[in-house]
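Structure file entry_22.json with JSON, C-alpha atoms:
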```
[["chain", "number", "residue", "atom", "x", "y", "z"],
["A", 103, "MET", "CA", -11.01, 23.24, -9.82],
["A", 104, "SER", "CA", -8.58, 23.63, -6.88],
["A", 105, "ILE", "CA", -7.83, 19.89, -7.02],
["A", 106, "LYS", "CA", -7.09, 20.14, -10.75],
["A", 107, "ILE", "CA", -4.79, 23.16, -10.22],
["A", 108, "LYS", "CA", -2.95, 21.33, -7.42],
["A", 109, "SER", "CA", -2.47, 18.31, -9.68],
["A", 110, "VAL", "CA", -1.05, 20.47, -12.48],
["A", 111, "MET", "CA", 1.30, 22.28, -10.06],
["A", 112, "GLU", "CA", 2.66, 19.02, -8.63],
["A", 113, "ASP", "CA", 3.23, 17.71, -12.14],
["A", 114, "MET", "CA", 5.13, 20.90, -13.02],
["A", 115, "HIS", "CA", 7.31, 20.51, -9.90],
["A", 116, "SER", "CA", 8.17, 16.95, -10.88],
["A", 117, "LYS", "CA", 9.52, 18.17, -14.23],
["A", 118, "CYS", "CA", 11.66, 20.99, -12.83],
["A", 119, "ILE", "CA", 14.80, 18.91, -12.31],
["A", 120, "ASP", "CA", 14.75, 17.40, -15.80],
["A", 121, "ILE", "CA", 14.18, 20.80, -17.41],
["A", 122, "SER", "CA", 17.03, 22.33, -15.41],
["A", 123, "ASP", "CA", 19.37, 19.57, -16.55],
["A", 124, "LEU", "CA", 18.23, 19.96, -20.16],
["A", 125, "LEU", "CA", 18.84, 23.70, -20.16],
["A", 126, "LYS", "CA", 22.10, 23.35, -18.18],
["A", 127, "ILE", "CA", 20.89, 25.87, -15.62],
["A", 128, "PRO", "CA", 23.61, 26.31, -12.96],
["A", 129, "ASN", "CA", 22.96, 26.00, -9.24],
["A", 130, "HIS", "CA", 25.37, 28.81, -8.34],
["A", 131, "SER", "CA", 25.89, 32.42, -9.27],
["A", 132, "ARG", "CA", 28.25, 33.42, -12.05],
["A", 133, "ALA", "CA", 28.90, 36.72, -13.73],
["A", 134, "GLY", "CA", 25.93, 37.65, -15.87],
["A", 135, "THR", "CA", 23.69, 34.87, -14.48],
["A", 136, "THR", "CA", 21.04, 34.63, -11.82],
["A", 137, "ALA", "CA", 21.39, 32.10, -9.01],
["A", 138, "PHE", "CA", 18.95, 29.26, -9.47],
["A", 139, "SER", "CA", 18.16, 26.57, -6.93],
["A", 140, "LEU", "CA", 15.21, 24.32, -6.33],
["A", 141, "ALA", "CA", 16.50, 23.20, -2.93],
["A", 142, "ARG", "CA", 14.58, 24.17, 0.17],
["A", 143, "PRO", "CA", 16.36, 25.05, 3.45],
["A", 144, "LEU", "CA", 17.83, 22.02, 5.21],
["A", 145, "VAL", "CA", 15.61, 20.59, 7.95],
["A", 146, "GLY", "CA", 16.80, 18.29, 10.73],
["A", 147, "SER", "CA", 15.06, 15.88, 13.07],
["A", 148, "MET", "CA", 14.63, 18.37, 15.90],
["A", 149, "ILE", "CA", 10.97, 19.23, 16.46],
["A", 150, "VAL", "CA", 10.20, 22.89, 15.76],
["A", 151, "GLN", "CA", 6.43, 22.68, 16.10],
["A", 152, "ASP", "CA", 5.97, 21.19, 19.57],
["A", 153, "LYS", "CA", 2.32, 20.28, 19.11],
["A", 154, "MET", "CA", 1.18, 18.19, 16.17],
["A", 155, "TYR", "CA", -2.24, 19.40, 15.12],
["A", 156, "GLY", "CA", -4.68, 16.69, 14.07],
["A", 157, "ARG", "CA", -3.65, 13.36, 12.52],
["A", 158, "ASN", "CA", -3.53, 11.68, 15.94],
["A", 159, "ASP", "CA", -5.24, 8.55, 14.65],
["A", 160, "ILE", "CA", -2.87, 8.05, 11.71],
["A", 161, "PHE", "CA", 0.09, 8.88, 13.94],
["A", 162, "GLU", "CA", -0.81, 6.31, 16.60],
["A", 163, "GLN", "CA", -1.57, 3.69, 13.94],
["A", 164, "THR", "CA", 1.79, 4.27, 12.27],
["A", 165, "ILE", "CA", 3.65, 3.92, 15.58],
["A", 166, "HIS", "CA", 1.78, 0.67, 16.24],
["A", 167, "ASP", "CA", 2.49, -0.68, 12.75],
["A", 168, "ILE", "CA", 6.21, 0.04, 13.11],
["A", 169, "ILE", "CA", 6.69, -1.34, 16.62],
["A", 170, "ASP", "CA", 4.09, -4.06, 17.12],
["A", 171, "GLY", "CA", 2.10, -4.30, 13.90],
["A", 172, "LYS", "CA", 2.46, -5.25, 10.27],
["A", 173, "TYR", "CA", 6.03, -3.94, 9.82],
["A", 174, "ALA", "CA", 7.41, -5.47, 13.02],
["A", 175, "THR", "CA", 8.06, -8.89, 11.46],
["A", 176, "GLU", "CA", 9.83, -7.52, 8.37],
["A", 177, "THR", "CA", 13.63, -7.31, 8.33],
["A", 178, "LEU", "CA", 13.38, -4.00, 6.45],
["A", 179, "SER", "CA", 10.43, -1.84, 5.44],
["A", 180, "VAL", "CA", 10.46, 1.38, 3.44],
["A", 181, "LEU", "CA", 7.50, 3.58, 4.33],
["A", 182, "PRO", "CA", 6.85, 6.64, 2.12],
["A", 183, "ILE", "CA", 4.91, 9.61, 3.50],
["A", 184, "VAL", "CA", 3.53, 11.54, 0.54],
["A", 185, "GLY", "CA", 1.58, 14.76, 0.11],
["A", 186, "PRO", "CA", 1.71, 18.24, -1.45],
["A", 187, "GLY", "CA", 4.42, 20.70, -0.45],
["A", 188, "GLY", "CA", 3.71, 22.38, 2.90],
["A", 189, "ILE", "CA", 1.13, 19.80, 4.01],
["A", 190, "GLY", "CA", 3.20, 18.82, 7.07],
["A", 191, "LYS", "CA", 5.07, 15.65, 6.02],
["A", 192, "THR", "CA", 8.32, 16.65, 7.71],
["A", 193, "THR", "CA", 6.58, 17.78, 10.90],
["A", 194, "PHE", "CA", 4.68, 14.49, 11.04],
["A", 195, "THR", "CA", 7.90, 12.54, 10.51],
["A", 196, "GLN", "CA", 9.81, 14.58, 13.12],
["A", 197, "HIS", "CA", 7.20, 13.58, 15.70],
["A", 198, "LEU", "CA", 7.45, 9.93, 14.64],
["A", 199, "TYR", "CA", 11.25, 10.08, 14.84],
["A", 200, "ASN", "CA", 11.28, 11.65, 18.31],
["A", 201, "ASP", "CA", 8.43, 9.70, 19.88],
["A", 202, "LYS", "CA", 9.56, 7.96, 23.10],
["A", 203, "MET", "CA", 8.38, 4.58, 21.84],
["A", 204, "THR", "CA", 10.36, 5.06, 18.63],
["A", 205, "GLU", "CA", 13.50, 6.09, 20.52],
["A", 206, "LYS", "CA", 13.23, 2.97, 22.66],
["A", 207, "HIS", "CA", 12.50, 0.67, 19.71],
["A", 208, "PHE", "CA", 15.41, 1.67, 17.45],
["A", 209, "SER", "CA", 18.98, 1.47, 18.70],
["A", 210, "THR", "CA", 20.24, 3.58, 15.76],
["A", 211, "ARG", "CA", 18.43, 6.52, 14.19],
["A", 212, "VAL", "CA", 19.65, 8.67, 11.27],
["A", 213, "TRP", "CA", 18.03, 11.72, 9.65],
["A", 214, "VAL", "CA", 19.17, 13.06, 6.26],
["A", 215, "CYS", "CA", 17.51, 15.90, 4.33],
["A", 216, "VAL", "CA", 17.74, 14.97, 0.63],
["A", 217, "SER", "CA", 15.68, 17.54, -1.32],
["A", 218, "THR", "CA", 16.85, 17.89, -4.95],
["A", 219, "ASP", "CA", 20.35, 16.58, -4.30],
["A", 220, "PHE", "CA", 19.79, 12.83, -4.77],
["A", 221, "ASP", "CA", 23.24, 11.43, -5.39],
["A", 222, "VAL", "CA", 23.89, 7.85, -4.26],
["A", 223, "LEU", "CA", 27.50, 8.46, -3.18],
["A", 224, "LYS", "CA", 26.78, 11.75, -1.36],
["A", 225, "LEU", "CA", 23.75, 10.25, 0.36],
["A", 226, "THR", "CA", 25.65, 7.15, 1.40],
["A", 227, "LYS", "CA", 28.49, 9.29, 2.82],
["A", 228, "LYS", "CA", 26.04, 11.40, 4.86],
["A", 229, "ILE", "CA", 24.36, 8.32, 6.31],
["A", 230, "HIS", "CA", 27.70, 6.63, 7.01],
["A", 231, "LYS", "CA", 28.92, 9.63, 9.03],
["A", 232, "CYS", "CA", 25.81, 9.50, 11.22],
["A", 233, "ILE", "CA", 26.11, 5.84, 12.26],
["A", 234, "PRO", "CA", 28.18, 5.33, 15.43],
["A", 235, "ALA", "CA", 31.34, 3.28, 14.99],
["A", 236, "SER", "CA", 34.22, 2.05, 17.12],
["A", 237, "GLU", "CA", 37.71, 3.42, 16.53],
["A", 238, "GLU", "CA", 38.80, 0.39, 14.52],
["A", 239, "GLU", "CA", 35.70, 0.66, 12.30],
["A", 240, "LYS", "CA", 36.18, 4.31, 11.39],
["A", 241, "ILE", "CA", 37.07, 4.84, 7.75],
["A", 242, "ASP", "CA", 37.55, 7.91, 5.58],
["A", 243, "THR", "CA", 36.87, 7.04, 1.96],
["A", 244, "THR", "CA", 34.90, 8.16, -1.06],
["A", 245, "ASN", "CA", 34.64, 4.63, -2.40],
["A", 246, "LEU", "CA", 30.97, 3.67, -2.55],
["A", 247, "ASP", "CA", 31.65, -0.04, -2.13],
["A", 248, "GLN", "CA", 33.71, 0.48, 1.03],
["A", 249, "LEU", "CA", 31.13, 2.87, 2.47],
["A", 250, "GLN", "CA", 28.31, 0.39, 1.89],
["A", 251, "ILE", "CA", 30.29, -2.48, 3.38],
["A", 252, "SER", "CA", 31.00, -0.35, 6.44],
["A", 253, "ILE", "CA", 27.33, 0.65, 6.83],
["A", 254, "ALA", "CA", 26.19, -2.96, 6.49],
["A", 255, "LYS", "CA", 28.72, -4.04, 9.11],
["A", 256, "ARG", "CA", 27.74, -1.33, 11.60],
["A", 257, "LEU", "CA", 24.01, -2.04, 11.22],
["A", 258, "LYS", "CA", 24.20, -5.83, 10.97],
["A", 259, "SER", "CA", 22.83, -6.53, 14.44],
["A", 260, "GLU", "CA", 21.09, -3.17, 14.98],
["A", 261, "ARG", "CA", 17.44, -2.27, 14.66],
["A", 262, "PHE", "CA", 17.62, 1.04, 12.83],
["A", 263, "LEU", "CA", 15.48, 3.91, 11.58],
["A", 264, "ILE", "CA", 16.71, 5.93, 8.59],
["A", 265, "VAL", "CA", 14.77, 9.04, 7.53],
["A", 266, "LEU", "CA", 15.30, 10.40, 4.02],
["A", 267, "ASP", "CA", 13.39, 13.66, 4.09],
["A", 268, "ASP", "CA", 11.99, 15.47, 1.05],
["A", 269, "ILE", "CA", 13.10, 13.37, -1.93],
["A", 270, "TRP", "CA", 12.42, 15.27, -5.16],
["A", 271, "LYS", "CA", 13.99, 12.88, -7.64],
["A", 272, "CYS", "CA", 15.14, 9.31, -8.03],
["A", 273, "ASP", "CA", 15.96, 8.60, -11.64],
["A", 274, "SER", "CA", 15.70, 4.81, -11.69],
["A", 275, "GLU", "CA", 14.90, 1.72, -9.69],
["A", 276, "GLY", "CA", 18.57, 0.75, -9.97],
["A", 277, "GLU", "CA", 19.63, 4.02, -8.33],
["A", 278, "TRP", "CA", 17.24, 3.43, -5.45],
["A", 279, "GLU", "CA", 18.21, -0.24, -5.04],
["A", 280, "THR", "CA", 21.88, 0.77, -4.84],
["A", 281, "THR", "CA", 21.07, 3.34, -2.14],
["A", 282, "LEU", "CA", 19.06, 0.79, -0.18],
["A", 283, "ALA", "CA", 21.52, -2.11, -0.55],
["A", 284, "PRO", "CA", 23.51, -1.75, 2.73],
["A", 285, "PHE", "CA", 20.30, -1.62, 4.77],
["A", 286, "THR", "CA", 19.03, -4.95, 3.46],
["A", 287, "LYS", "CA", 21.84, -6.96, 5.08],
["A", 288, "GLY", "CA", 20.69, -6.57, 8.67],
["A", 289, "GLU", "CA", 19.71, -9.44, 10.93],
["A", 290, "ALA", "CA", 17.36, -7.62, 13.31],
["A", 291, "LYS", "CA", 13.63, -7.46, 12.60],
["A", 292, "SER", "CA", 11.59, -4.27, 12.28],
["A", 293, "SER", "CA", 14.20, -1.91, 10.80],
["A", 294, "MET", "CA", 12.65, 0.97, 8.87],
["A", 295, "VAL", "CA", 13.45, 3.57, 6.24],
["A", 296, "LEU", "CA", 11.03, 6.51, 6.26],
["A", 297, "VAL", "CA", 10.84, 8.59, 3.07],
["A", 298, "THR", "CA", 8.98, 11.87, 2.69],
["A", 299, "THR", "CA", 8.16, 13.12, -0.80],
["A", 300, "ARG", "CA", 5.58, 15.23, -2.57],
["A", 301, "PHE", "CA", 5.57, 12.96, -5.63],
["A", 302, "PRO", "CA", 3.40, 9.80, -5.72],
["A", 303, "ASN", "CA", 5.57, 8.22, -8.43],
["A", 304, "ILE", "CA", 8.60, 8.37, -6.13],
["A", 305, "ALA", "CA", 6.56, 6.95, -3.25],
["A", 306, "GLU", "CA", 5.57, 3.99, -5.42],
["A", 307, "ARG", "CA", 9.18, 3.45, -6.53],
["A", 308, "VAL", "CA", 10.74, 3.39, -3.07],
["A", 309, "LYS", "CA", 8.11, 1.55, -1.02],
["A", 310, "LYS", "CA", 9.04, -1.86, 0.38],
["A", 311, "ALA", "CA", 6.59, -4.11, 2.23],
["A", 312, "THR", "CA", 4.36, -1.08, 2.88],
["A", 313, "LYS", "CA", 1.60, 1.08, 1.49],
["A", 314, "PRO", "CA", 2.43, 4.81, 1.25],
["A", 315, "ILE", "CA", 0.82, 7.13, 3.78],
["A", 316, "ASN", "CA", -1.00, 9.88, 1.89],
["A", 317, "LEU", "CA", -1.06, 12.88, 4.19],
["A", 318, "PRO", "CA", -4.13, 15.09, 3.61],
["A", 319, "GLY", "CA", -4.80, 18.63, 4.77],
["A", 320, "LEU", "CA", -6.01, 19.21, 8.32],
["A", 321, "GLU", "CA", -9.66, 18.95, 9.25],
["A", 322, "PRO", "CA", -11.33, 22.41, 9.36],
["A", 323, "GLU", "CA", -11.48, 22.73, 13.16],
["A", 324, "GLU", "CA", -7.95, 21.38, 13.58],
["A", 325, "PHE", "CA", -6.79, 23.85, 10.96],
["A", 326, "TRP", "CA", -8.57, 26.73, 12.71],
["A", 327, "GLU", "CA", -6.77, 25.91, 15.98],
["A", 328, "PHE", "CA", -3.44, 25.77, 14.13],
["A", 329, "PHE", "CA", -4.20, 29.02, 12.30],
["A", 330, "LEU", "CA", -4.86, 30.83, 15.60],
["A", 331, "THR", "CA", -1.57, 29.51, 16.97],
["A", 332, "CYS", "CA", 0.28, 30.84, 13.91],
["A", 333, "VAL", "CA", -1.21, 34.29, 14.54],
["A", 334, "PHE", "CA", -1.29, 34.54, 18.34],
["A", 335, "GLY", "CA", 1.31, 31.98, 19.40],
["A", 336, "GLY", "CA", 0.39, 29.88, 22.43],
["A", 337, "ASN", "CA", -1.81, 32.66, 23.84],
["A", 338, "LYS", "CA", -5.54, 32.98, 23.39],
["A", 339, "PRO", "CA", -6.65, 36.09, 21.48],
["A", 340, "GLU", "CA", -6.99, 39.05, 23.81],
["A", 341, "GLN", "CA", -10.40, 40.58, 24.38],
["A", 342, "GLN", "CA", -9.64, 43.48, 22.06],
["A", 343, "CYS", "CA", -8.83, 40.96, 19.30],
["A", 344, "SER", "CA", -12.24, 39.30, 19.47],
["A", 345, "GLU", "CA", -13.51, 41.48, 16.63],
["A", 346, "LEU", "CA", -10.83, 39.94, 14.41],
["A", 347, "ILE", "CA", -12.07, 36.38, 14.84],
["A", 348, "ASP", "CA", -14.87, 36.57, 12.28],
["A", 349, "THR", "CA", -12.50, 38.09, 9.72],
["A", 350, "GLY", "CA", -9.91, 35.48, 10.62],
["A", 351, "ARG", "CA", -12.36, 32.66, 9.95],
["A", 352, "GLU", "CA", -13.07, 34.04, 6.49],
["A", 353, "ILE", "CA", -9.34, 34.22, 5.78],
["A", 354, "ALA", "CA", -8.80, 30.67, 7.08],
["A", 355, "LYS", "CA", -11.51, 29.27, 4.80],
["A", 356, "LYS", "CA", -9.55, 30.46, 1.77],
["A", 357, "LEU", "CA", -6.38, 28.64, 2.82],
["A", 358, "LYS", "CA", -7.76, 25.17, 1.99],
["A", 359, "CYS", "CA", -6.52, 23.64, 5.28],
["A", 360, "SER", "CA", -2.86, 23.93, 4.22],
["A", 361, "PRO", "CA", -0.47, 24.21, 7.20],
["A", 362, "LEU", "CA", 2.11, 26.08, 5.09],
["A", 363, "ALA", "CA", -0.54, 28.62, 4.07],
["A", 364, "ALA", "CA", -1.48, 29.11, 7.73],
["A", 365, "LYS", "CA", 2.14, 29.77, 8.68],
["A", 366, "THR", "CA", 2.68, 32.18, 5.79],
["A", 367, "VAL", "CA", -0.50, 34.19, 6.26],
["A", 368, "GLY", "CA", -0.20, 34.01, 10.06],
["A", 369, "ARG", "CA", 3.16, 35.79, 9.91],
["A", 370, "ILE", "CA", 1.56, 38.60, 7.92],
["A", 371, "LEU", "CA", -1.49, 38.96, 10.17],
["A", 372, "LYS", "CA", 0.34, 39.03, 13.50],
["A", 373, "LYS", "CA", 2.41, 42.03, 12.39],
["A", 374, "GLU", "CA", -0.66, 44.21, 12.92],
["A", 375, "LEU", "CA", -3.64, 43.05, 14.93],
["A", 376, "SER", "CA", -6.13, 45.44, 13.41],
["A", 377, "TRP", "CA", -9.35, 44.90, 11.50],
["A", 378, "GLU", "CA", -8.14, 47.27, 8.75],
["A", 379, "HIS", "CA", -4.93, 45.25, 8.19],
["A", 380, "TRP", "CA", -6.72, 41.91, 8.23],
["A", 381, "SER", "CA", -9.38, 43.13, 5.83]]
```
Translate this file's structure into structure tokens.
Amino acid sequence: MSIKIKSVMEDMHSKCIDISDLLKIPNHSRAGTTAFSLARPLVGSMIVQDKMYGRNDIFEQTIHDIIDGKYATETLSVLPIVGPGGIGKTTFTQHLYNDKMTEKHFSTRVWVCVSTDFDVLKLTKKIHKCIPASEEEKIDTTNLDQLQISIAKRLKSERFLIVLDDIWKCDSEGEWETTLAPFTKGEAKSSMVLVTTRFPNIAERVKKATKPINLPGLEPEEFWEFFLTCVFGGNKPEQQCSELIDTGREIAKKLKCSPLAAKTVGRILKKELSWEHWS
């Protein structure tokens, strides 16, 4: 039943943008209206969660595939990382992005948080601003063609990693191909675009020379360790908190191994470390 509910919820999320457009719901406050936005807070490449819980095998395999494995001989690969909201896609990708082997492998790295605002021109401008350029190469334009030519020129001999985090919509293959166009002109092997999304249909649309990584929930024991960290931080539970552990395990079982659920509930529990509060 929980799987069916999750499937229905994800399908509802995928329709939100279209429904908003149909009803002409504004994304800003006006007199007599309520502010409405589907966008989540912007997230950058900097690691917030220092330790990545679980998923070590898939992490190491992905690093190998990018640097020495099946993607290393491709001029450009687009690798989608897909899973439900709050499952840890961005955290997983942050660790990939900041891994020492990744830093050494790619001479240019760019991180852009997309969310619901998928606009080819805006996205291209954001990426263009993040790619280093010499003084003579610097341009200030809103012309898509000139921006793409400039990106292609800057990246021509570079091995690059572009992260497009949290894509909620991409209306057509043509829109995606236009976005991707300047990255396909490079000469170096093993360049990569990483895409995170909660929608399998988007993952299938954007993939290139890859198979999407479907990120599942944590294994129960991994989740329990993460849950304790969310409640107690990096410290082990104090002796007087030992009576809470059994109650905590019962709470954790109901969270279905979702990292977001652990963070949310953990914030509530740590406010008062008492059996009465936890019960």
Have a look at A:Lys153, A:Glu205, A:Thr286, A:Phe325 and name the one nearest to Cys359 of chain A; count all atoms listed in the file. A:Phe325
So, with all atoms listed in the file as the atoms that count, which of A:Lys355, A:Leu346, A:Leu223, A:Gly335 lies closest to Gly368 of chain A?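 Of the candidates, the smallest distance to Gly368 of chain A is held by A:Gly335.
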What does the structure give for the distance between atom CA of Cys272 of chain A and atom CA of Thr177 of chain A, in Å to one decimal? 23.4 Å
Is there a way to get, as number ranges by chain, all residues within 10 Å of the point (7.9, 20.4, 11.4) in file coordinates, counting only C-alpha atoms? A: 145-154, 188, 190-197
Nearest to Leu296 of chain A, chosen from A:Leu181, A:Glu345, A:Lys224, A:Pro318, with all atoms listed in the file counted in the distances: A:Leu181
Point (10.1, 12.8, -9.2) neighbourhood (6 Å, all atoms listed in the file) written as a ChimeraX atom specification: /A:116,270-271,301,304
Output C-alpha atoms for every residue in the selection just made, as a JSON list (two decimals), keeping the file's coordinate frame.
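Dumped to part18.json:
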```json
[["chain", "number", "residue", "atom", "x", "y", "z"],
["A", 116, "SER", "CA", 8.17, 16.95, -10.88],
["A", 270, "TRP", "CA", 12.42, 15.27, -5.16],
["A", 271, "LYS", "CA", 13.99, 12.88, -7.64],
["A", 301, "PHE", "CA", 5.57, 12.96, -5.63],
["A", 304, "ILE", "CA", 8.60, 8.37, -6.13]]
```
Would you compute the distance between atom CA of Gly288 of chain A and atom CA of Glu275 of chain A? Give it in Å to one decimal.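 Value for the atom CA of Gly288 of chain A-atom CA of Glu275 of chain A distance: 21.0 Å.
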One decimal place gives the atom CA of Ser179 of chain A-atom CA of Lys228 of chain A separation as 20.5 Å
Can you tell me, as a PyMOL selection string, what residues are no more than 12 Å from Asn303 of chain A when counting all atoms listed in the file, ignoring any on the same chain fewer than 4 positions away? chain A and resi 112-113+116+182+184-185+269-275+299+307-309+314
